[in-house]
>>> print(open('model20.cif').read())   # mmCIF, C-alpha atoms and all ligand atoms
data_data
loop_
_atom_site.group_PDB
_atom_site.id
_atom_site.type_symbol
_atom_site.label_atom_id
_atom_site.label_comp_id
_atom_site.auth_asym_id
_atom_site.auth_seq_id
_atom_site.Cartn_x
_atom_site.Cartn_y
_atom_site.Cartn_z
ATOM 1 C CA MET A 1 -19.013 -9.888 -14.836
ATOM 2 C CA GLU A 2 -17.431 -6.491 -15.301
ATOM 3 C CA LYS A 3 -14.269 -6.188 -13.253
ATOM 4 C CA LYS A 4 -13.904 -3.804 -10.348
ATOM 5 C CA PHE A 5 -10.521 -3.932 -8.618
ATOM 6 C CA ALA A 6 -10.030 -2.951 -4.980
ATOM 7 C CA ILE A 7 -6.442 -1.680 -4.709
ATOM 8 C CA LEU A 8 -5.146 -1.883 -1.142
ATOM 9 C CA GLY A 9 -1.780 -0.784 0.207
ATOM 10 C CA ASP A 10 0.255 -0.186 3.356
ATOM 11 C CA ILE A 11 -1.993 -2.398 5.477
ATOM 12 C CA HIS A 12 0.776 -2.618 8.070
ATOM 13 C CA ALA A 13 -0.675 -5.376 10.252
ATOM 14 C CA ASN A 14 -3.822 -3.383 11.061
ATOM 15 C CA ILE A 15 -6.520 -6.076 10.871
ATOM 16 C CA ASP A 16 -9.267 -3.758 12.178
ATOM 17 C CA ALA A 17 -8.668 -1.340 9.287
ATOM 18 C CA LEU A 18 -8.268 -4.175 6.768
ATOM 19 C CA GLU A 19 -11.559 -5.848 7.721
ATOM 20 C CA SER A 20 -13.453 -2.546 7.488
ATOM 21 C CA VAL A 21 -11.908 -1.822 4.076
ATOM 22 C CA LEU A 22 -12.802 -5.291 2.792
ATOM 23 C CA ALA A 23 -16.396 -4.866 3.999
ATOM 24 C CA ASP A 24 -16.588 -1.515 2.196
ATOM 25 C CA ALA A 25 -15.066 -2.980 -0.986
ATOM 26 C CA ARG A 26 -17.589 -5.837 -0.990
ATOM 27 C CA GLU A 27 -20.406 -3.315 -0.552
ATOM 28 C CA GLN A 28 -18.985 -1.331 -3.488
ATOM 29 C CA GLY A 29 -19.086 -4.459 -5.660
ATOM 30 C CA ALA A 30 -15.348 -5.226 -5.854
ATOM 31 C CA THR A 31 -14.665 -8.380 -7.913
ATOM 32 C CA ASP A 32 -10.862 -8.573 -7.505
ATOM 33 C CA TYR A 33 -8.356 -7.569 -4.814
ATOM 34 C CA VAL A 34 -4.727 -6.512 -5.240
ATOM 35 C CA CYS A 35 -2.146 -4.997 -2.876
ATOM 36 C CA VAL A 36 0.745 -2.571 -3.473
ATOM 37 C CA GLY A 37 2.728 -3.905 -0.514
ATOM 38 C CA ASP A 38 3.595 -3.472 3.166
ATOM 39 C CA ILE A 39 1.215 -5.970 4.688
ATOM 40 C CA ILE A 40 3.170 -6.010 7.963
ATOM 41 C CA GLY A 41 5.033 -3.532 10.215
ATOM 42 C CA TYR A 42 3.897 -0.811 12.680
ATOM 43 C CA ASN A 43 0.731 -2.535 13.965
ATOM 44 C CA ALA A 44 0.080 -5.663 15.978
ATOM 45 C CA ALA A 45 -1.745 -8.177 13.739
ATOM 46 C CA PRO A 46 0.773 -9.367 11.104
ATOM 47 C CA ARG A 47 -0.398 -13.018 11.033
ATOM 48 C CA GLU A 48 -4.053 -12.107 10.668
ATOM 49 C CA CYS A 49 -3.321 -9.654 7.846
ATOM 50 C CA ILE A 50 -1.128 -12.085 5.882
ATOM 51 C CA GLU A 51 -3.696 -14.844 6.245
ATOM 52 C CA THR A 52 -6.602 -12.591 5.246
ATOM 53 C CA ILE A 53 -4.737 -11.359 2.139
ATOM 54 C CA ARG A 54 -3.717 -14.882 1.112
ATOM 55 C CA ALA A 55 -7.274 -16.178 1.525
ATOM 56 C CA LEU A 56 -8.898 -13.489 -0.678
ATOM 57 C CA PRO A 57 -6.922 -14.124 -2.994
ATOM 58 C CA CYS A 58 -5.033 -10.881 -3.622
ATOM 59 C CA GLN A 59 -2.137 -10.378 -6.054
ATOM 60 C CA THR A 60 0.536 -8.537 -4.047
ATOM 61 C CA VAL A 61 3.899 -6.842 -4.557
ATOM 62 C CA ARG A 62 6.592 -6.628 -1.872
ATOM 63 C CA GLY A 63 6.906 -3.489 0.253
ATOM 64 C CA ASN A 64 10.000 -2.419 2.177
ATOM 65 C CA HIS A 65 8.613 -3.687 5.507
ATOM 66 C CA ASP A 66 7.704 -7.040 3.911
ATOM 67 C CA HIS A 67 11.190 -7.154 2.413
ATOM 68 C CA TYR A 68 13.157 -6.400 5.572
ATOM 69 C CA CYS A 69 11.027 -8.802 7.591
ATOM 70 C CA ALA A 70 11.673 -11.727 5.235
ATOM 71 C CA TYR A 71 15.221 -10.999 4.040
ATOM 72 C CA ALA A 72 18.165 -11.256 6.419
ATOM 73 C CA GLU A 73 19.439 -7.751 5.773
ATOM 74 C CA THR A 74 20.558 -5.001 8.104
ATOM 75 C CA LEU A 75 17.835 -2.757 9.489
ATOM 76 C CA GLU A 76 20.091 0.278 9.787
ATOM 77 C CA ASP A 77 18.171 2.181 7.072
ATOM 78 C CA PHE A 78 15.033 1.927 9.201
ATOM 79 C CA HIS A 79 13.820 4.314 11.855
ATOM 80 C CA PRO A 80 14.584 2.539 15.185
ATOM 81 C CA VAL A 81 10.873 2.294 16.081
ATOM 82 C CA ALA A 82 10.052 0.652 12.730
ATOM 83 C CA ALA A 83 13.092 -1.648 13.031
ATOM 84 C CA ASN A 84 11.944 -2.835 16.487
ATOM 85 C CA VAL A 85 8.524 -3.676 15.083
ATOM 86 C CA ILE A 86 10.127 -5.615 12.202
ATOM 87 C CA GLU A 87 12.053 -7.702 14.747
ATOM 88 C CA TRP A 88 8.890 -8.230 16.819
ATOM 89 C CA THR A 89 6.983 -9.182 13.641
ATOM 90 C CA ARG A 90 9.565 -11.823 12.661
ATOM 91 C CA ARG A 91 8.875 -13.553 15.983
ATOM 92 C CA GLN A 92 5.098 -13.587 15.335
ATOM 93 C CA LEU A 93 5.328 -15.231 11.903
ATOM 94 C CA THR A 94 5.872 -18.844 10.843
ATOM 95 C CA GLU A 95 8.448 -19.976 8.274
ATOM 96 C CA ASP A 96 5.573 -20.277 5.823
ATOM 97 C CA HIS A 97 4.513 -16.643 6.339
ATOM 98 C CA LEU A 98 8.112 -15.441 5.963
ATOM 99 C CA GLN A 99 8.631 -17.508 2.810
ATOM 100 C CA TRP A 100 5.445 -16.050 1.327
ATOM 101 C CA LEU A 101 6.700 -12.497 1.977
ATOM 102 C CA TYR A 102 10.129 -13.448 0.589
ATOM 103 C CA ASP A 103 8.593 -14.711 -2.649
ATOM 104 C CA LEU A 104 6.513 -11.589 -3.368
ATOM 105 C CA PRO A 105 7.646 -9.825 -6.569
ATOM 106 C CA LEU A 106 8.761 -6.180 -6.560
ATOM 107 C CA THR A 107 6.530 -5.280 -9.504
ATOM 108 C CA ALA A 108 3.485 -6.873 -11.109
ATOM 109 C CA THR A 109 1.162 -6.526 -14.078
ATOM 110 C CA VAL A 110 -2.454 -7.196 -13.198
ATOM 111 C CA GLY A 111 -4.311 -8.912 -16.022
ATOM 112 C CA GLY A 112 -2.968 -6.441 -18.616
ATOM 113 C CA ALA A 113 -5.065 -3.724 -16.930
ATOM 114 C CA PHE A 114 -2.434 -1.928 -14.832
ATOM 115 C CA LEU A 115 0.946 -2.152 -13.078
ATOM 116 C CA MET A 116 1.797 -2.195 -9.376
ATOM 117 C CA VAL A 117 4.923 -1.294 -7.426
ATOM 118 C CA HIS A 118 5.413 -0.312 -3.773
ATOM 119 C CA SER A 119 7.879 2.524 -4.468
ATOM 120 C CA THR A 120 8.990 3.278 -8.059
ATOM 121 C CA LEU A 121 9.491 1.336 -11.292
ATOM 122 C CA ASP A 122 12.858 2.965 -12.052
ATOM 123 C CA MET A 123 14.496 1.457 -8.930
ATOM 124 C CA PRO A 124 11.954 -0.621 -6.993
ATOM 125 C CA GLU A 125 14.617 -2.146 -4.720
ATOM 126 C CA ARG A 126 15.776 1.335 -3.597
ATOM 127 C CA TRP A 127 12.418 2.104 -1.955
ATOM 128 C CA GLY A 128 12.386 5.738 -3.107
ATOM 129 C CA TYR A 129 9.533 7.966 -1.927
ATOM 130 C CA VAL A 130 7.438 9.854 -4.478
ATOM 131 C CA PHE A 131 6.151 13.088 -2.972
ATOM 132 C CA ASP A 132 6.789 15.571 -5.792
ATOM 133 C CA ASN A 133 6.613 15.937 -9.568
ATOM 134 C CA LEU A 134 10.353 15.420 -10.060
ATOM 135 C CA GLU A 135 10.289 12.094 -8.214
ATOM 136 C CA ALA A 136 7.165 11.087 -10.152
ATOM 137 C CA ALA A 137 8.825 12.049 -13.475
ATOM 138 C CA ALA A 138 11.771 9.688 -12.812
ATOM 139 C CA HIS A 139 9.317 6.874 -12.269
ATOM 140 C CA LEU A 140 7.011 7.778 -15.174
ATOM 141 C CA SER A 141 9.855 7.589 -17.716
ATOM 142 C CA TYR A 142 9.957 3.856 -16.850
ATOM 143 C CA GLN A 143 6.181 3.351 -16.809
ATOM 144 C CA MET A 144 5.232 1.874 -20.199
ATOM 145 C CA HIS A 145 1.577 1.399 -19.255
ATOM 146 C CA VAL A 146 -1.196 3.984 -18.931
ATOM 147 C CA LEU A 147 -1.757 3.195 -15.259
ATOM 148 C CA CYS A 148 0.408 2.199 -12.300
ATOM 149 C CA PHE A 149 -0.625 2.069 -8.631
ATOM 150 C CA HIS A 150 1.843 2.518 -5.779
ATOM 151 C CA GLY A 151 2.047 3.150 -2.025
ATOM 152 C CA HIS A 152 4.915 3.750 0.423
ATOM 153 C CA THR A 153 4.256 7.420 1.392
ATOM 154 C CA HIS A 154 0.808 6.624 2.900
ATOM 155 C CA VAL A 155 -0.522 9.780 1.187
ATOM 156 C CA PRO A 156 -3.218 9.274 -1.464
ATOM 157 C CA THR A 157 -2.138 11.171 -4.589
ATOM 158 C CA VAL A 158 -2.596 11.272 -8.364
ATOM 159 C CA PHE A 159 0.368 12.041 -10.632
ATOM 160 C CA GLU A 160 -0.718 12.575 -14.214
ATOM 161 C CA LYS A 161 1.588 13.053 -17.202
ATOM 162 C CA GLU A 162 0.813 14.343 -20.643
ATOM 163 C CA LEU A 163 3.721 16.572 -21.619
ATOM 164 C CA GLU A 164 4.708 17.256 -18.058
ATOM 165 C CA VAL A 165 3.872 15.785 -14.675
ATOM 166 C CA VAL A 166 0.993 17.299 -12.711
ATOM 167 C CA ARG A 167 0.122 16.399 -9.138
ATOM 168 C CA ARG A 168 -3.607 16.200 -8.429
ATOM 169 C CA PRO A 169 -5.621 15.710 -5.259
ATOM 170 C CA PRO A 170 -6.981 12.211 -4.655
ATOM 171 C CA GLU A 171 -10.368 12.616 -6.322
ATOM 172 C CA SER A 172 -12.246 10.216 -8.544
ATOM 173 C CA LEU A 173 -11.100 10.421 -12.148
ATOM 174 C CA LYS A 174 -11.623 9.003 -15.613
ATOM 175 C CA LEU A 175 -8.388 8.049 -17.342
ATOM 176 C CA GLN A 176 -7.913 10.134 -20.474
ATOM 177 C CA LEU A 177 -6.292 8.870 -23.661
ATOM 178 C CA GLY A 178 -2.737 10.098 -24.229
ATOM 179 C CA LYS A 179 -1.981 10.477 -20.525
ATOM 180 C CA LYS A 180 -0.150 8.289 -18.022
ATOM 181 C CA TYR A 181 -1.175 7.968 -14.395
ATOM 182 C CA PHE A 182 0.822 7.046 -11.272
ATOM 183 C CA ILE A 183 -1.644 6.748 -8.421
ATOM 184 C CA ASN A 184 -0.940 6.326 -4.706
ATOM 185 C CA THR A 185 -3.798 4.445 -3.033
ATOM 186 C CA GLY A 186 -3.045 5.851 0.431
ATOM 187 C CA SER A 187 -2.705 3.561 3.434
ATOM 188 C CA VAL A 188 -5.183 1.055 4.850
ATOM 189 C CA GLY A 189 -3.427 0.630 8.185
ATOM 190 C CA GLN A 190 -1.569 3.876 8.976
ATOM 191 C CA PRO A 191 -2.831 6.919 7.015
ATOM 192 C CA ARG A 192 -0.501 9.955 7.106
ATOM 193 C CA ASP A 193 -2.479 12.700 5.399
ATOM 194 C CA GLY A 194 -4.203 13.920 8.556
ATOM 195 C CA ASP A 195 -7.318 11.799 7.996
ATOM 196 C CA PRO A 196 -7.281 8.732 10.288
ATOM 197 C CA ARG A 197 -9.769 6.798 8.135
ATOM 198 C CA ALA A 198 -8.395 3.874 6.101
ATOM 199 C CA SER A 199 -7.673 4.709 2.450
ATOM 200 C CA TYR A 200 -7.888 2.561 -0.695
ATOM 201 C CA CYS A 201 -8.866 2.795 -4.387
ATOM 202 C CA LEU A 202 -11.332 1.131 -6.710
ATOM 203 C CA TYR A 203 -10.590 0.767 -10.429
ATOM 204 C CA GLN A 204 -13.038 -0.209 -13.173
ATOM 205 C CA PRO A 205 -11.042 -0.923 -16.360
ATOM 206 C CA LYS A 206 -14.102 -0.858 -18.638
ATOM 207 C CA ALA A 207 -15.220 2.595 -17.497
ATOM 208 C CA ARG A 208 -11.536 3.679 -17.078
ATOM 209 C CA GLU A 209 -12.550 5.043 -13.724
ATOM 210 C CA VAL A 210 -10.532 5.328 -10.482
ATOM 211 C CA THR A 211 -12.336 6.084 -7.208
ATOM 212 C CA PHE A 212 -10.739 6.946 -3.846
ATOM 213 C CA ARG A 213 -12.435 5.581 -0.738
ATOM 214 C CA ARG A 214 -12.042 6.482 2.953
ATOM 215 C CA VAL A 215 -13.364 4.067 5.554
ATOM 216 C CA ALA A 216 -13.833 4.710 9.272
ATOM 217 C CA TYR A 217 -12.788 1.747 11.428
ATOM 218 C CA ASP A 218 -12.333 0.871 15.091
ATOM 219 C CA VAL A 219 -9.092 2.806 15.780
ATOM 220 C CA GLU A 220 -9.326 2.063 19.515
ATOM 221 C CA ALA A 221 -9.333 -1.686 18.864
ATOM 222 C CA ALA A 222 -6.168 -1.369 16.760
ATOM 223 C CA GLN A 223 -4.570 0.813 19.468
ATOM 224 C CA GLY A 224 -5.490 -1.759 22.132
ATOM 225 C CA LYS A 225 -3.684 -4.495 20.171
ATOM 226 C CA ILE A 226 -0.541 -2.326 19.926
ATOM 227 C CA THR A 227 -0.565 -1.721 23.680
ATOM 228 C CA ALA A 228 -1.275 -5.380 24.511
ATOM 229 C CA ALA A 229 1.634 -6.486 22.284
ATOM 230 C CA GLY A 230 3.994 -4.082 24.078
ATOM 231 C CA LEU A 231 4.747 -2.160 20.863
ATOM 232 C CA PRO A 232 5.705 1.547 21.124
ATOM 233 C CA GLU A 233 2.815 3.718 22.356
ATOM 234 C CA ARG A 234 3.486 6.398 19.722
ATOM 235 C CA LEU A 235 2.388 3.909 17.051
ATOM 236 C CA ALA A 236 -1.016 3.788 18.750
ATOM 237 C CA VAL A 237 -1.198 7.573 19.156
ATOM 238 C CA ARG A 238 -0.460 8.307 15.490
ATOM 239 C CA LEU A 239 -3.343 6.102 14.269
ATOM 240 C CA ALA A 240 -5.864 8.497 15.807
ATOM 241 C CA GLN A 241 -4.077 11.495 14.280
ATOM 242 C CA GLY A 242 -3.676 10.056 10.794
ATOM 243 C CA ARG A 243 0.031 10.934 10.927
HETATM 244 ZN ZN ZN B 301 4.342 1.594 4.421
#
>>> encode(input="model20.cif", output="structure tokens", more="lines below")
Ligand code: ZN
Amino acid sequence: MEKKFAILGDIHANIDALESVLADAREQGATDYVCVGDIIGYNAAPRECIETIRALPCQTVRGNHDHYCAYAETLEDFHPVAANVIEWTRRQLTEDHLQWLYDLPLTATVGGAFLMVHSTLDMPERWGYVFDNLEAAAHLSYQMHVLCFHGHTHVPTVFEKELEVVRRPPESLKLQLGKKYFINTGSVGQPRDGDPRASYCLYQPKAREVTFRRVAYDVEAAQGKITAAGLPERLAVRLAQGR
């Protein structure tokens, strides 16, 4: 069967968003699932999200929240709200969950079809954010493949390079020969581009086609879980704003 990848990212323990995205991907005929990292953090269903991803199966790279949850490192680089959620998340997970997060690689090649990284290929362990062409150019000089998917900013974006880097809106595209693409899938569990719907991508290697999807989900259910867990209220508020 012709492959159609569903590329998920920044799920951030939002099981309501994840389940709606998976239902949409199945409807769209996805054959394979991969994830550009940050399965946990911010929202209140870390166990459910890890178990759902592991059961798919779904090749995954490690995000900064996954990393700081599983590795005994200082959280001083984190915003205090995010750091509190990381500490709360550690208490929700078993040794087995934490070991699984610990073992995730920082970068991955998916069946020779494309690359994945949470932040950038030039320094994946630095967790740099790519918002502009200059930041994308630093990454693209290390990208030896036509196509790489990433996450981290929670803003769906296409960076395309022929002679120079061009930033494009997240619209469906056909990969052109002679160009390189660095594509942010947007966030499943905490979108930040002003649209509260969950974001992910589909990729069909044979047609060389990338499609962006937005999926409405039960935001109130996700907010209710945040409140019930005693996590900061602003994390619930931002879900409805897509910020
Ligand atoms: Zn994230």
>>> closest_atom_pairs(input="model20.cif", of="region 140-210 of chain A", to="region 13-33 of chain A", cutoff="10 Å", atoms="all atoms listed in the file", output="JSON lines")
{"residue": "A:Ser187", "atom": "CA", "partner": "A:Ala17", "partner_atom": "CA", "distance": 9.7}
{"residue": "A:Val188", "atom": "CA", "partner": "A:Ala17", "partner_atom": "CA", "distance": 6.1}
{"residue": "A:Gly189", "atom": "CA", "partner": "A:Asn14", "partner_atom": "CA", "distance": 5.0}
{"residue": "A:Gln190", "atom": "CA", "partner": "A:Asn14", "partner_atom": "CA", "distance": 7.9}
{"residue": "A:Arg197", "atom": "CA", "partner": "A:Ala17", "partner_atom": "CA", "distance": 8.3}
{"residue": "A:Ala198", "atom": "CA", "partner": "A:Ala17", "partner_atom": "CA", "distance": 6.1}
{"residue": "A:Ser199", "atom": "CA", "partner": "A:Val21", "partner_atom": "CA", "distance": 8.0}
{"residue": "A:Tyr200", "atom": "CA", "partner": "A:Val21", "partner_atom": "CA", "distance": 7.6}
{"residue": "A:Cys201", "atom": "CA", "partner": "A:Ala25", "partner_atom": "CA", "distance": 9.1}
{"residue": "A:Leu202", "atom": "CA", "partner": "A:Ala30", "partner_atom": "CA", "distance": 7.6}
{"residue": "A:Tyr203", "atom": "CA", "partner": "A:Ala30", "partner_atom": "CA", "distance": 8.9}
{"residue": "A:Gln204", "atom": "CA", "partner": "A:Ala30", "partner_atom": "CA", "distance": 9.2}
>>> resolve_selection(input="model20.cif", expression="the PyMOL selection byres (((not hetatm)) within 9 of (chain B and resi 301))", output="ChimeraX atom specification")
/A:9-12,37-42,63-65,118,151-154,187,189-190
>>> resolve_selection(input="model20.cif", expression="the PyMOL selection byres (((chain A and resi 119) around 10) and not hetatm)", output="PDB file with C-alpha atoms, keeping the file's coordinate frame")
ATOM      1  CA  VAL A  36       0.745  -2.571  -3.473  1.00  0.00           C
ATOM      2  CA  GLY A  37       2.728  -3.905  -0.514  1.00  0.00           C
ATOM      3  CA  ARG A  62       6.592  -6.628  -1.872  1.00  0.00           C
ATOM      4  CA  GLY A  63       6.906  -3.489   0.253  1.00  0.00           C
ATOM      5  CA  ASN A  64      10.000  -2.419   2.177  1.00  0.00           C
ATOM      6  CA  LEU A 106       8.761  -6.180  -6.560  1.00  0.00           C
ATOM      7  CA  THR A 107       6.530  -5.280  -9.504  1.00  0.00           C
ATOM      8  CA  MET A 116       1.797  -2.195  -9.376  1.00  0.00           C
ATOM      9  CA  VAL A 117       4.923  -1.294  -7.426  1.00  0.00           C
ATOM     10  CA  HIS A 118       5.413  -0.312  -3.773  1.00  0.00           C
ATOM     11  CA  THR A 120       8.990   3.278  -8.059  1.00  0.00           C
ATOM     12  CA  LEU A 121       9.491   1.336 -11.292  1.00  0.00           C
ATOM     13  CA  ASP A 122      12.858   2.965 -12.052  1.00  0.00           C
ATOM     14  CA  MET A 123      14.496   1.457  -8.930  1.00  0.00           C
ATOM     15  CA  PRO A 124      11.954  -0.621  -6.993  1.00  0.00           C
ATOM     16  CA  GLU A 125      14.617  -2.146  -4.720  1.00  0.00           C
ATOM     17  CA  ARG A 126      15.776   1.335  -3.597  1.00  0.00           C
ATOM     18  CA  TRP A 127      12.418   2.104  -1.955  1.00  0.00           C
ATOM     19  CA  GLY A 128      12.386   5.738  -3.107  1.00  0.00           C
ATOM     20  CA  TYR A 129       9.533   7.966  -1.927  1.00  0.00           C
ATOM     21  CA  VAL A 130       7.438   9.854  -4.478  1.00  0.00           C
ATOM     22  CA  HIS A 139       9.317   6.874 -12.269  1.00  0.00           C
ATOM     23  CA  PHE A 149      -0.625   2.069  -8.631  1.00  0.00           C
ATOM     24  CA  HIS A 150       1.843   2.518  -5.779  1.00  0.00           C
ATOM     25  CA  GLY A 151       2.047   3.150  -2.025  1.00  0.00           C
ATOM     26  CA  HIS A 152       4.915   3.750   0.423  1.00  0.00           C
ATOM     27  CA  THR A 153       4.256   7.420   1.392  1.00  0.00           C
ATOM     28  CA  ASN A 184      -0.940   6.326  -4.706  1.00  0.00           C
TER      29      ASN A 184
END
>>> closest_residue(input="model20.cif", among="A:Thr60, A:Gln143, A:Thr109, A:Gln223", to="Leu239 (chain A)", atoms="all atoms listed in the file")
A:Gln223
>>> residues_around(input="model20.cif", residues="Ala236 (chain A)", least_positions_apart="6", cutoff="9 Å", atoms="all atoms listed in the file", output="ChimeraX atom specification")
/A:43,219-220,222-227
>>> residues_near_point(input="model20.cif", point="(15.5, -7.5, 9.7)", cutoff="12 Å", atoms="only C-alpha atoms", output="VMD selection string")
chain A and resid 41 64 to 78 80 82 to 91 98
>>> residues_around(input="model20.cif", residues="Ala113 (chain A)", least_positions_apart="4", cutoff="10 Å", atoms="only C-alpha atoms", output="ChimeraX atom specification")
/A:5,109,145-148,203-206,208
>>> residues_around(input="model20.cif", residues="His97 (chain A)", least_positions_apart="3", cutoff="9 Å", atoms="all atoms listed in the file", output="list in words")
Arg47, Ile50, Glu51, Ala70, Leu93, Thr94, Trp100, Leu101 and Tyr102 of chain A
>>> atom_distance(input="model20.cif", atom1="CA of Pro170 (chain A)", atom2="CA of Pro196 (chain A)")
15.3 Å
>>> closest_residue(input="model20.cif", among="A:Leu134, A:Ala207, A:Val158, A:Met1", to="Thr185 (chain A)", atoms="all atoms listed in the file")
A:Val158
>>> closest_residue(input="model20.cif", among="A:Arg238, A:His79, A:Arg214, A:Arg54", to="Arg192 (chain A)", atoms="all atoms listed in the file")
A:Arg238
>>> atom_distance(input="model20.cif", atom1="CA of Pro105 (chain A)", atom2="CA of Ile7 (chain A)")
16.4 Å
>>> closest_residue(input="model20.cif", among="A:Cys58, A:Glu48, A:Val215, A:Val165", to="Glu135 (chain A)", atoms="all atoms listed in the file")
A:Val165
>>> resolve_selection(input="model20.cif", expression="the PyMOL selection byres (((chain A and resi 164) around 10) and not hetatm)", output="ChimeraX atom specification")
/A:133-134,137,160-163,165-166,179
>>> atom_distance(input="model20.cif", atom1="CA of Ser141 (chain A)", atom2="CA of Ala108 (chain A)")
17.1 Å
>>> closest_residue(input="model20.cif", among="A:Glu95, A:Asp195, A:Glu2, A:Glu209", to="Ser172 (chain A)", atoms="all atoms listed in the file")
A:Glu209
>>> closest_residue(input="model20.cif", among="A:Ala228, A:Ala44, A:Cys35, A:Ile53", to="Val110 (chain A)", atoms="all atoms listed in the file")
A:Cys35
